[in-house]
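The structure file protein24.cif is reproduced below (mmCIF, C-alpha atoms).
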```
data_entry
loop_
_atom_site.label_atom_id
_atom_site.label_comp_id
_atom_site.auth_asym_id
_atom_site.auth_seq_id
_atom_site.Cartn_x
_atom_site.Cartn_y
_atom_site.Cartn_z
CA ASP G 1 -156.01 34.06 5.29
CA ALA G 2 -156.19 36.11 8.45
CA GLY G 3 -153.00 37.66 9.71
CA VAL G 4 -152.08 38.10 13.34
CA THR G 5 -155.00 39.62 15.21
CA GLN G 6 -154.76 41.51 18.47
CA SER G 7 -157.35 42.88 20.85
CA PRO G 8 -158.16 45.39 22.07
CA THR G 9 -156.66 47.85 19.61
CA HIS G 10 -156.73 50.76 22.04
CA LEU G 11 -157.27 50.95 25.77
CA ILE G 12 -156.88 53.42 28.59
CA LYS G 13 -156.08 52.35 32.14
CA THR G 14 -155.09 54.11 35.33
CA ARG G 15 -152.02 53.48 37.44
CA GLY G 16 -152.26 50.36 39.56
CA GLN G 17 -154.78 48.62 37.33
CA GLN G 18 -154.23 45.38 35.48
CA VAL G 19 -154.54 44.74 31.75
CA THR G 20 -154.86 41.65 29.56
CA LEU G 21 -153.96 41.79 25.89
CA ARG G 22 -154.89 39.04 23.46
CA CYS G 23 -153.30 37.70 20.31
CA SER G 24 -154.26 35.12 17.69
CA PRO G 25 -151.38 33.98 15.49
CA ILE G 26 -151.51 33.14 11.82
CA SER G 27 -153.07 29.73 11.31
CA GLY G 28 -150.36 27.07 11.54
CA HIS G 29 -147.91 29.27 13.42
CA LYS G 30 -146.89 27.80 16.76
CA SER G 31 -144.65 30.58 18.05
CA VAL G 32 -145.94 33.81 19.54
CA SER G 33 -143.75 36.66 20.75
CA TRP G 34 -144.67 39.84 22.53
CA TYR G 35 -142.92 43.17 22.11
CA GLN G 36 -143.31 46.57 23.72
CA GLN G 37 -142.74 49.63 21.55
CA VAL G 38 -142.48 53.01 23.20
CA LEU G 39 -142.80 56.05 20.94
CA GLY G 40 -139.55 56.74 19.14
CA GLN G 41 -137.99 53.39 20.03
CA GLY G 42 -137.75 50.03 18.36
CA PRO G 43 -139.80 47.09 19.63
CA GLN G 44 -138.42 45.52 22.82
CA PHE G 45 -138.72 41.79 23.36
CA ILE G 46 -140.92 40.73 26.28
CA PHE G 47 -141.73 37.02 25.84
CA GLN G 48 -141.67 34.19 23.37
CA TYR G 49 -143.92 31.15 23.57
CA TYR G 50 -143.59 28.08 21.42
CA GLU G 51 -145.78 25.02 21.72
CA LYS G 52 -147.36 26.53 24.84
CA GLU G 53 -144.07 26.82 26.69
CA GLU G 54 -142.12 29.96 27.52
CA ARG G 55 -139.01 29.91 25.37
CA GLY G 56 -137.67 33.38 25.99
CA ARG G 57 -138.05 36.31 28.35
CA GLY G 58 -136.77 39.84 27.94
CA ASN G 59 -135.70 42.27 30.62
CA PHE G 60 -139.11 43.14 32.01
CA PRO G 61 -140.32 43.05 35.63
CA ASP G 62 -142.43 40.24 37.06
CA ARG G 63 -145.51 42.43 36.64
CA PHE G 64 -145.46 41.19 33.07
CA SER G 65 -146.65 37.65 32.43
CA ALA G 66 -147.99 35.71 29.49
CA ARG G 67 -149.29 32.37 28.45
CA GLN G 68 -150.10 30.44 25.31
CA PHE G 69 -153.19 28.33 24.89
CA PRO G 70 -153.64 24.95 23.15
CA ASN G 71 -154.91 26.76 20.03
CA TYR G 72 -151.64 28.80 20.06
CA SER G 73 -153.36 32.07 20.89
CA SER G 74 -151.71 34.05 23.65
CA GLU G 75 -152.40 36.56 26.38
CA LEU G 76 -150.09 39.16 27.87
CA ASN G 77 -150.92 40.37 31.36
CA VAL G 78 -149.49 43.43 33.03
CA ASN G 79 -150.22 44.06 36.71
CA ALA G 80 -149.88 47.21 38.80
CA LEU G 81 -149.66 49.45 35.75
CA LEU G 82 -147.21 52.33 35.75
CA LEU G 83 -147.23 55.43 33.58
CA GLY G 84 -144.15 54.05 31.84
CA ASP G 85 -146.11 51.03 30.64
CA SER G 86 -147.86 53.25 28.11
CA ALA G 87 -146.81 51.84 24.76
CA LEU G 88 -147.79 49.87 21.70
CA TYR G 89 -147.80 46.17 22.51
CA LEU G 90 -147.06 44.07 19.48
CA CYS G 91 -147.70 40.40 19.07
CA ALA G 92 -145.80 38.49 16.43
CA SER G 93 -146.17 34.95 15.19
CA SER G 94 -143.78 32.70 13.34
CA LEU G 95 -143.79 29.20 12.03
CA TYR G 96 -140.80 28.07 14.03
CA GLN G 97 -139.29 28.91 17.38
CA LEU G 98 -136.01 30.03 15.86
CA ALA G 99 -137.20 32.38 13.19
CA GLY G 100 -136.14 35.78 12.03
CA GLU G 101 -139.23 36.38 9.99
CA LEU G 102 -141.95 37.54 12.31
CA PHE G 103 -145.45 38.51 11.30
CA PHE G 104 -146.74 41.27 13.50
CA GLY G 105 -150.25 42.21 14.44
CA GLU G 106 -151.32 45.84 14.38
CA GLY G 107 -150.77 46.09 18.10
CA SER G 108 -152.63 47.14 21.20
CA ARG G 109 -152.05 50.76 22.15
CA LEU G 110 -152.11 51.09 25.93
CA THR G 111 -152.32 54.45 27.65
CA VAL G 112 -151.84 54.56 31.41
CA LEU G 113 -153.08 57.71 33.15
CA ARG O 1 -122.76 49.91 24.18
CA LYS O 2 -126.31 49.26 23.03
CA GLU O 3 -127.03 45.88 21.49
CA VAL O 4 -128.17 47.31 18.16
CA GLU O 5 -127.39 50.89 17.22
CA GLN O 6 -128.78 52.94 14.37
CA ASP O 7 -128.70 56.59 13.42
CA PRO O 8 -132.29 57.71 14.14
CA GLY O 9 -132.27 60.27 11.32
CA PRO O 10 -134.46 61.55 9.83
CA PHE O 11 -132.86 61.21 6.45
CA ASN O 12 -134.52 63.70 4.10
CA VAL O 13 -133.89 62.82 0.46
CA PRO O 14 -135.48 63.77 -2.87
CA GLU O 15 -137.15 61.21 -5.09
CA GLY O 16 -134.61 59.31 -7.13
CA ALA O 17 -131.81 59.68 -4.60
CA THR O 18 -129.70 56.86 -3.23
CA VAL O 19 -129.60 56.57 0.54
CA ALA O 20 -127.69 54.27 2.87
CA PHE O 21 -128.42 53.26 6.44
CA ASN O 22 -125.94 51.70 8.82
CA CYS O 23 -126.34 49.57 11.89
CA THR O 24 -123.88 48.09 14.39
CA TYR O 25 -124.48 45.26 16.81
CA SER O 26 -122.60 44.33 19.96
CA ASN O 27 -123.08 40.56 20.33
CA SER O 28 -120.54 38.76 18.19
CA ALA O 29 -122.51 35.52 18.67
CA SER O 30 -125.49 36.93 16.77
CA GLN O 31 -126.43 34.66 13.96
CA SER O 32 -128.94 36.26 11.63
CA PHE O 33 -129.73 39.76 10.56
CA PHE O 34 -132.71 41.49 9.06
CA TRP O 35 -134.13 44.80 7.99
CA TYR O 36 -137.73 45.51 8.89
CA ARG O 37 -139.79 48.44 7.68
CA GLN O 38 -142.32 50.23 9.86
CA ASP O 39 -144.73 52.79 8.48
CA CYS O 40 -146.06 55.50 10.78
CA ARG O 41 -148.35 53.99 13.45
CA LYS O 42 -148.25 50.58 11.75
CA GLU O 43 -146.67 47.27 12.62
CA PRO O 44 -143.14 46.33 11.48
CA LYS O 45 -142.85 44.16 8.38
CA LEU O 46 -139.89 42.18 7.16
CA LEU O 47 -138.09 43.96 4.32
CA MET O 48 -135.23 41.58 3.76
CA SER O 49 -132.78 39.24 5.38
CA VAL O 50 -129.09 40.13 5.35
CA TYR O 51 -126.51 37.59 4.24
CA SER O 52 -122.74 37.66 4.56
CA SER O 53 -122.36 37.59 0.80
CA GLY O 54 -124.64 40.58 0.44
CA ASN O 55 -128.05 40.39 -1.15
CA GLU O 56 -130.20 42.48 -3.38
CA ASP O 57 -133.95 42.77 -3.80
CA GLY O 58 -134.85 45.21 -6.54
CA ARG O 59 -133.76 48.67 -5.43
CA PHE O 60 -132.67 47.42 -2.02
CA THR O 61 -129.22 46.03 -1.20
CA ALA O 62 -128.19 44.70 2.20
CA GLN O 63 -124.66 43.98 3.37
CA LEU O 64 -123.23 42.30 6.45
CA ASN O 65 -119.71 42.64 7.79
CA ARG O 66 -119.33 40.15 10.65
CA ALA O 67 -115.78 41.21 11.48
CA SER O 68 -116.89 44.79 12.06
CA GLN O 69 -120.33 43.77 13.36
CA TYR O 70 -121.89 46.12 10.88
CA ILE O 71 -124.99 45.90 8.69
CA SER O 72 -126.06 48.24 5.94
CA LEU O 73 -129.07 48.90 3.75
CA LEU O 74 -128.84 50.78 0.46
CA ILE O 75 -131.92 52.10 -1.29
CA ARG O 76 -131.52 53.23 -4.87
CA ASP O 77 -133.90 55.43 -6.85
CA SER O 78 -135.91 56.38 -3.76
CA LYS O 79 -139.69 56.55 -4.10
CA LEU O 80 -142.16 58.55 -2.04
CA SER O 81 -143.52 55.23 -0.81
CA ASP O 82 -140.14 54.38 0.72
CA SER O 83 -140.81 56.93 3.46
CA ALA O 84 -140.86 54.88 6.65
CA THR O 85 -138.71 53.86 9.59
CA TYR O 86 -136.18 51.13 8.86
CA LEU O 87 -135.40 48.81 11.76
CA CYS O 88 -132.19 46.85 11.98
CA VAL O 89 -132.84 43.48 13.64
CA VAL O 90 -130.40 40.95 15.05
CA PHE O 91 -131.23 37.34 15.89
CA THR O 92 -129.32 35.61 18.68
CA ASN O 93 -129.82 32.09 19.96
CA SER O 94 -128.26 31.84 23.40
CA GLY O 95 -130.37 29.23 25.15
CA TYR O 96 -133.44 30.91 23.80
CA SER O 97 -133.94 32.90 20.68
CA THR O 98 -134.13 36.66 20.78
CA LEU O 99 -134.77 39.22 18.09
CA THR O 100 -133.26 42.55 19.09
CA PHE O 101 -134.48 45.62 17.27
CA GLY O 102 -132.62 48.85 16.81
CA LYS O 103 -134.43 52.13 17.39
CA GLY O 104 -134.90 52.57 13.68
CA THR O 105 -133.84 55.11 11.09
CA MET O 106 -136.52 57.38 9.69
CA LEU O 107 -136.48 58.06 5.96
CA LEU O 108 -138.48 60.90 4.40
CA VAL O 109 -138.56 61.01 0.61
CA SER O 110 -139.82 64.25 -0.85
CA PRO O 111 -141.07 65.09 -4.37
#
```

Now, as a test, write the supplied structure out as structure tokens.
Amino acid sequence: DAGVTQSPTHLIKTRGQQVTLRCSPISGHKSVSWYQQVLGQGPQFIFQYYEKEERGRGNFPDRFSARQFPNYSSELNVNALLLGDSALYLCASSLYQLAGELFFGEGSRLTVL
Amino acid sequence: RKEVEQDPGPFNVPEGATVAFNCTYSNSASQSFFWYRQDCRKEPKLLMSVYSSGNEDGRFTAQLNRASQYISLLIRDSKLSDSATYLCVVFTNSGYSTLTFGKGTMLLVSP
């Protein structure tokens, strides 16, 4: 069975641009969460979606947005990119909304120049 | 005080050693606790859940002290393959569920 898949795996953008990251959860998983991991830090929670509704939002500016589609895949959008947005963006899926066991994808590594 | 605090390390130990990692959390309403493992430039993976009664999985033992808001992970008989970053994770449900990760503790096991 396929695990969590994310695309693209690597991308380079310049300041002010916009980026869309995509995630497909494990089949049967209805919850998708997004995390940002800066080098040397633990993952920081950005959003959680469950059954296509936003169920949680971390302390990130409004430049960050996300959505979940009827097939439970998800997109994370970041507008007006800043240098500080350079990070590994991790998508995680879980069976339930309230779950401690998350299955992470390999991440999308974003570099902002 | 940070929500989840860990000693970043690195902890350098020889094969066969016993090593312990500690973690403290600030939100007394936190409900569940976990240790995740993250290999270099890879995604985090669940290592084990942490229960109040303490739990063991092979060479790994996790303990939780709710009164002190303290979590620990003990690794016995360290293997080279244990080299990784160990992330302490706290689950809180306060209207919506949040998993809060610590910065991680790096372990380097040498021959």

Exercise. Might you spell out which residues the PyMOL selection byres ((chain O) within 8 of (chain G)) would select in the displayed file, as a list in words?
Key: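 This file gives the following for the PyMOL selection byres ((chain O) within 8 of (chain G)): Ser32, Phe33, Phe34, Lys42, Glu43, Pro44, Lys45, Leu46, Leu87, Phe91, Asn93, Tyr96, Ser97, Thr98, Leu99, Thr100, Phe101, Gly102, Lys103 and Gly104 of chain O.
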
Quiz prompt | Test item: residues at most 12 Å from G:Leu95, all atoms listed in the file, excluding those fewer than 6 positions along its chain, as number ranges by chain | solution = G: 25-33, 49-51, 72, 101-103

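Picked by the PyMOL selection byres ((chain O and resi 109) around 8) from the coordinates shown: O:Asn12, O:Val13, O:Pro14, O:Glu15, O:Ser78, O:Lys79, O:Leu80, O:Ser81, O:Asp82, O:Ser83, O:Leu107, O:Leu108, O:Ser110, O:Pro111.
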
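For the file shown, the residue list from the PyMOL selection byres ((chain G and resi 6) around 6) reads Thr5, Ser7, Arg22 and Cys23 of chain G.
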
Practice problem: Could you please determine the separation between atom CA of O:Ser30 and atom CA of O:Gln63 in Å, to one decimal place? | Solution: 15.2 Å

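If you look at atom CA of G:Phe64 and atom CA of G:Gln17, they are 12.7 Å away from each other.
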
Quiz item: What is the distance, in Å and to one decimal place, between atom CA of G:Asp85 and atom CA of G:Ala2?
Solution: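 Computing it gives 28.6 Å between the two atoms.
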
Practice problem: List every protein, DNA or RNA residue that has an atom no more than 6 Å from (-153.1, 41.6, 25.3) in the file's coordinate frame, counting all atoms listed in the file, and report them as a VMD selection string. | Solution: chain G and resid 20 to 22 75 to 76

Quiz item: So which residues fall inside 9 Å of (-121.3, 42.3, 18.7) if we count all atoms listed in the file? Mind giving them as a VMD selection string?
Solution: chain O and resid 3 to 4 24 to 30 66 68 to 70

Quiz item: In terms of the shortest atom-to-atom distance over only C-alpha atoms, which of O:Ile71, O:Tyr86, O:Trp35, O:Glu5 is closest to O:Asp57?
Solution: O:Trp35

Exercise. Name the closest residue to G:Val4 among the candidates G:Leu110, G:Arg67, G:Phe60, G:Ser94; distances are taken between atoms, counting all atoms listed in the file.
Key: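 Of G:Leu110, G:Arg67, G:Phe60, G:Ser94, the one nearest G:Val4 is G:Ser94, counting all atoms listed in the file.
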
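Distances to O:Thr85 were evaluated for O:Gln6, O:Thr18, O:Gln31, O:Gln38 using all atoms listed in the file, and the minimum falls at O:Gln38.
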